[in-house]
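Asks: Provided herewith is a single structure, encoded as structure tokens, for subsequent inquiry.
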Amino acid sequence: MEREKKDFDYLIVGQGLAGTLLGYFLIKSGKRILYMDNSHHSAASKIAAGIMNPITGRKFVKTWRVGDLFPFARELYAEMEKETGVRFFYDMNIIRELFNFREDNEWLLRTDFPGYDEYYEGKPDLGNYKGKVKRGFSTIELKQSGRMNIPLLVGTFSEKWKKEKRILTEKFIHKNIFFDKRNIRYGEYKFKKIIFCEGYQAKNNPFFQDLNYEESKGERLIVRIPNMDFRKIFKHKLYIVPLGNDEYWIGATNDWYHEDDLPTEEKYKILKNGLENILNVPFEILHHGAAIRPTNRDRKPLLGLHPEHHQLAIFNGLGSKGASLGPYWANQMADFLINEKPLEKEVNIRRIYDKKK
Ligand SMILES: Cc1cc2nc3c(=O)[nH]c(=O)nc-3n(C[C@H](O)[C@H](O)[C@H](O)COP(=O)(O)OP(=O)(O)OC[C@H]3O[C@@H](n4cnc5c(N)ncnc54)[C@H](O)[C@@H]3O)c2cc1C
């Protein structure tokens with residue numbers, strides 16, 4: 001009996017957003033899962049805004065695979081809300097300020113492209129932001145966007161799974177893996193596979209060293225702006241994201257080179273001054289945080305098996321868009337693990353190994 005309790009189908013290393021979503025699908029399919037998570041302070045899932053934005057960047061490009069990813073994510077978040085009784089997802093339009101004629105023109109050209117009209121409102125409406133924010137050259141309003149409360153989702157499932165004794169709060173030590181003929185052992189535990197969902201800490205994983213990781217450090221503020229009741233996301237030089245109770249997420253910075261993973265005085269000032277330059281109303285800073293986004297060179301998720309040790313797998317690379325990318329690709333990863341359904345080439349880590357041959 002005791003022996004059976006230490007036998008699992010899968011060990012998932014890391015219970016951030018990636019590990020949570022993947023584990024959700026595996027548990028739903030009846031798989032026996034154990035998690036190991038060291039609750040690292042610079043895990044991206046702890047401070048992300050969770051914005052889901054269908055049209056991004058200076059060129060107003062539609063988010064990659066938006067037509068597949070967004071409906072799938074919405075449906076999954078609704079299902080997870082129903083299961084837990086906790087609300088994670090908020091439908092919110094994004095008001096985006098454009099800053100010059102060139103941007104405005106670029107946007108106008110884009111709106112002629114097929115399939116764009118379902119993602120923007122004909123007449124932008126600032127709502128409660130009117131008179132409270134500095135304006136740019138022109139304004140657009142995006143729809144089918146929203147905010148997914150990533151820290152709450154991860155925290156809710158962490159609590160639930162801790163009660164179900166599925167999570168060990170400890171650091172996984174890679175050199176303690178022992179390969180059996182068919183299984184894999186770690187201390188007193190036995191698994192069919194270990195799946196690494198370590199976020200940016202994958203860089204320390206000796207089994208998956210060659211995956212072109214890049215780290216993007218982000219810092220953000222949580223502020224109180226009393227009695228404004230802003231309901232939409234506002235994208236100026238920074239994002240203002242309503243969290244409820246007069247609190248707002250402000251961010252974020254993006255640093256490809258950084259000395260450590262801690263909040264810095266320099267970025268605090270940039271965010272504070274940046275917000276002062278946007279708002280015409282007072283605010284109070286409640287919290288300043290930093291974390292590292294798990295990014296890689298081609299900006300596509302990283303799914304697949306180790307080329308030699310097929311008992312080891314990875315699900316990572318959600319970058320700066322975990323809320324949109326996570327559900328669809330976690331489902332695909334689960335289907336691959338359970339039913340051996342092939343992974344799409346664009347996300348399979350074999351794309352990287354093949355190039356290096
Ligand atoms: C400032 C900021 C703003 C962001 N805003 C958005 C946004 O608006 N929209 C959006 O979609 N995304 C956003 N993101 C990105 C989003 O946070 C990530 O895509 C997502 O959270 C990544 O999740 P993950 O599980 O891969 O990694 P992580 O969140 O880093 O989780 C990895 C987990 O693995 C654990 N772990 C690692 N190694 C070990 C080990 N050896 N042993 C045990 N445990 C281990 C860690 O403790 C951690 O809990 C933002 C990120 C940042 C930093």
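Note on naming: chains are A, B, ... as they come in the structure tokens, residues start from 1 per chain, ligands start from 1 in the order shown.
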Under the rule of at most 7 Å, produce a per-residue listing of chain A near ligand 1: chain, number, name, the closest pair of atoms, and the distance in Å, as CSV, using only C-alpha atoms and all ligand atoms.

Replies:
```
residue,atom,partner,partner_atom_place_in_ligand_line,distance
A:Val13,CA,ligand 1,44 (N),5.5
A:Gly14,CA,ligand 1,34 (O),3.1
A:Gln15,CA,ligand 1,49 (O),4.9
A:Gly16,CA,ligand 1,25 (O),3.4
A:Leu17,CA,ligand 1,25 (O),3.9
A:Ala18,CA,ligand 1,25 (O),3.8
A:Gly19,CA,ligand 1,25 (O),5.5
A:Met36,CA,ligand 1,43 (C),5.2
A:Asp37,CA,ligand 1,44 (N),3.4
A:Asn38,CA,ligand 1,44 (N),4.0
A:Ser39,CA,ligand 1,47 (O),3.8
A:His40,CA,ligand 1,47 (O),3.7
A:Ser42,CA,ligand 1,30 (O),6.9
A:Ala43,CA,ligand 1,30 (O),3.5
A:Ala44,CA,ligand 1,29 (O),3.9
A:Ser45,CA,ligand 1,21 (O),3.4
A:Lys46,CA,ligand 1,29 (O),6.3
A:Ile47,CA,ligand 1,2 (C),5.9
A:Ala48,CA,ligand 1,4 (C),3.6
A:Ala49,CA,ligand 1,8 (O),3.9
A:Gly50,CA,ligand 1,9 (N),3.5
A:Ile51,CA,ligand 1,8 (O),3.7
A:Met52,CA,ligand 1,9 (N),5.8
A:Ile150,CA,ligand 1,21 (O),6.9
A:Glu170,CA,ligand 1,43 (C),5.7
A:Lys171,CA,ligand 1,42 (N),3.6
A:Phe172,CA,ligand 1,42 (N),3.7
A:Ile173,CA,ligand 1,41 (N),6.0
A:Cys197,CA,ligand 1,34 (O),5.8
A:Glu198,CA,ligand 1,37 (C),3.6
A:Gly199,CA,ligand 1,27 (O),3.3
A:Tyr200,CA,ligand 1,30 (O),5.6
A:Gln201,CA,ligand 1,38 (N),5.0
A:Ala202,CA,ligand 1,38 (N),6.5
A:Lys217,CA,ligand 1,53 (C),6.1
A:Gly218,CA,ligand 1,1 (C),3.9
A:Glu219,CA,ligand 1,1 (C),4.9
A:Arg220,CA,ligand 1,1 (C),5.5
A:Gly251,CA,ligand 1,1 (C),6.8
A:Ala252,CA,ligand 1,1 (C),5.3
A:Thr253,CA,ligand 1,1 (C),6.9
A:Ala290,CA,ligand 1,1 (C),6.3
A:Ala291,CA,ligand 1,53 (C),4.4
A:Ile292,CA,ligand 1,53 (C),4.8
A:Arg293,CA,ligand 1,53 (C),4.8
A:Pro294,CA,ligand 1,26 (O),6.0
A:Asn316,CA,ligand 1,26 (O),5.1
A:Gly317,CA,ligand 1,26 (O),6.3
A:Leu318,CA,ligand 1,19 (O),4.3
A:Gly319,CA,ligand 1,19 (O),4.5
A:Ser320,CA,ligand 1,15 (C),3.8
A:Lys321,CA,ligand 1,11 (O),3.4
A:Gly322,CA,ligand 1,19 (O),3.3
A:Ala323,CA,ligand 1,11 (O),3.6
A:Ser324,CA,ligand 1,11 (O),5.5
```

Asks: Applying 10 Å and only C-alpha atoms, which residues near A:Pro327 remain after dropping the ones on its own chain fewer than 2 positions away? List them as a ChimeraX atom specification.

Replies: /A:17-18,20-22,24-25,69-70,72-77,322-325,329-333

Asks: Find, counting only C-alpha atoms, the residue in A:Glu344, A:Glu121, A:Asp68, A:Asp112 that gets nearest to A:Asn93.

Replies: A:Glu121

Asks: Please build the interface table for stretch 203-254 of chain A against stretch 303-314 of chain A with a cut-off of 12 Å, listing for each qualifying residue the nearest atom pair and the distance in Å to one decimal; count only C-alpha atoms, order rows by chain and increasing number, and write it as CSV.

Replies:
```
residue,atom,partner,partner_atom,distance
A:Asn205,CA,A:Ile314,CA,10.4
A:Pro206,CA,A:His306,CA,11.1
A:Phe207,CA,A:His306,CA,7.3
A:Phe208,CA,A:His306,CA,7.3
A:Gln209,CA,A:His306,CA,10.5
A:Asp210,CA,A:His306,CA,10.7
A:Leu211,CA,A:Ile314,CA,10.5
```

Asks: Please report, as number ranges by chain, each residue of stretch 92-260 of chain A to which DSSP assigns strand (DSSP E or B) when run on this structure's backbone.

Replies: A: 94-98, 120, 133, 138-142, 146-148, 167-168, 177-179, 184-186, 189-196, 213-224, 233-235, 239-244, 247-251, 255

Asks: Counting only C-alpha atoms, which residues of stretch 271-345 of chain A sit at most 12 Å from some atom of stretch 226-230 of chain A, and what is each one's closest atom pair with its distance in Å to one decimal, listed by chain and rising residue number, as JSON lines?

Replies:
```
{"residue": "A:Leu279", "atom": "CA", "partner": "A:Met228", "partner_atom": "CA", "distance": 11.2}
{"residue": "A:Asn280", "atom": "CA", "partner": "A:Met228", "partner_atom": "CA", "distance": 11.3}
{"residue": "A:Val281", "atom": "CA", "partner": "A:Met228", "partner_atom": "CA", "distance": 8.9}
{"residue": "A:Pro282", "atom": "CA", "partner": "A:Pro226", "partner_atom": "CA", "distance": 8.0}
{"residue": "A:Phe283", "atom": "CA", "partner": "A:Pro226", "partner_atom": "CA", "distance": 7.2}
{"residue": "A:Glu284", "atom": "CA", "partner": "A:Pro226", "partner_atom": "CA", "distance": 8.7}
{"residue": "A:Ile285", "atom": "CA", "partner": "A:Pro226", "partner_atom": "CA", "distance": 11.7}
```

Asks: Of the residues A:Arg299, A:Arg96, A:His174, A:Lys181, which is the one nearest to A:Arg135, using only C-alpha atoms?

Replies: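 Once distances to A:Arg135 are computed over only C-alpha atoms, the minimum belongs to A:Arg96.
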
Asks: Could you give me, as a VMD selection string, the residues within 10 Å of A:Leu275, counting only C-alpha atoms and dropping anything in the same chain fewer than 4 positions from it?

Replies: chain A and resid 133 221 223 236 to 240 250 to 251 269 to 271 279 to 280 282 to 283

Asks: Smallest atom-to-atom distance to A:Lys130: which of A:Phe234, A:Phe113, A:Ile27, A:Ile55, using only C-alpha atoms?

Replies: A:Phe234
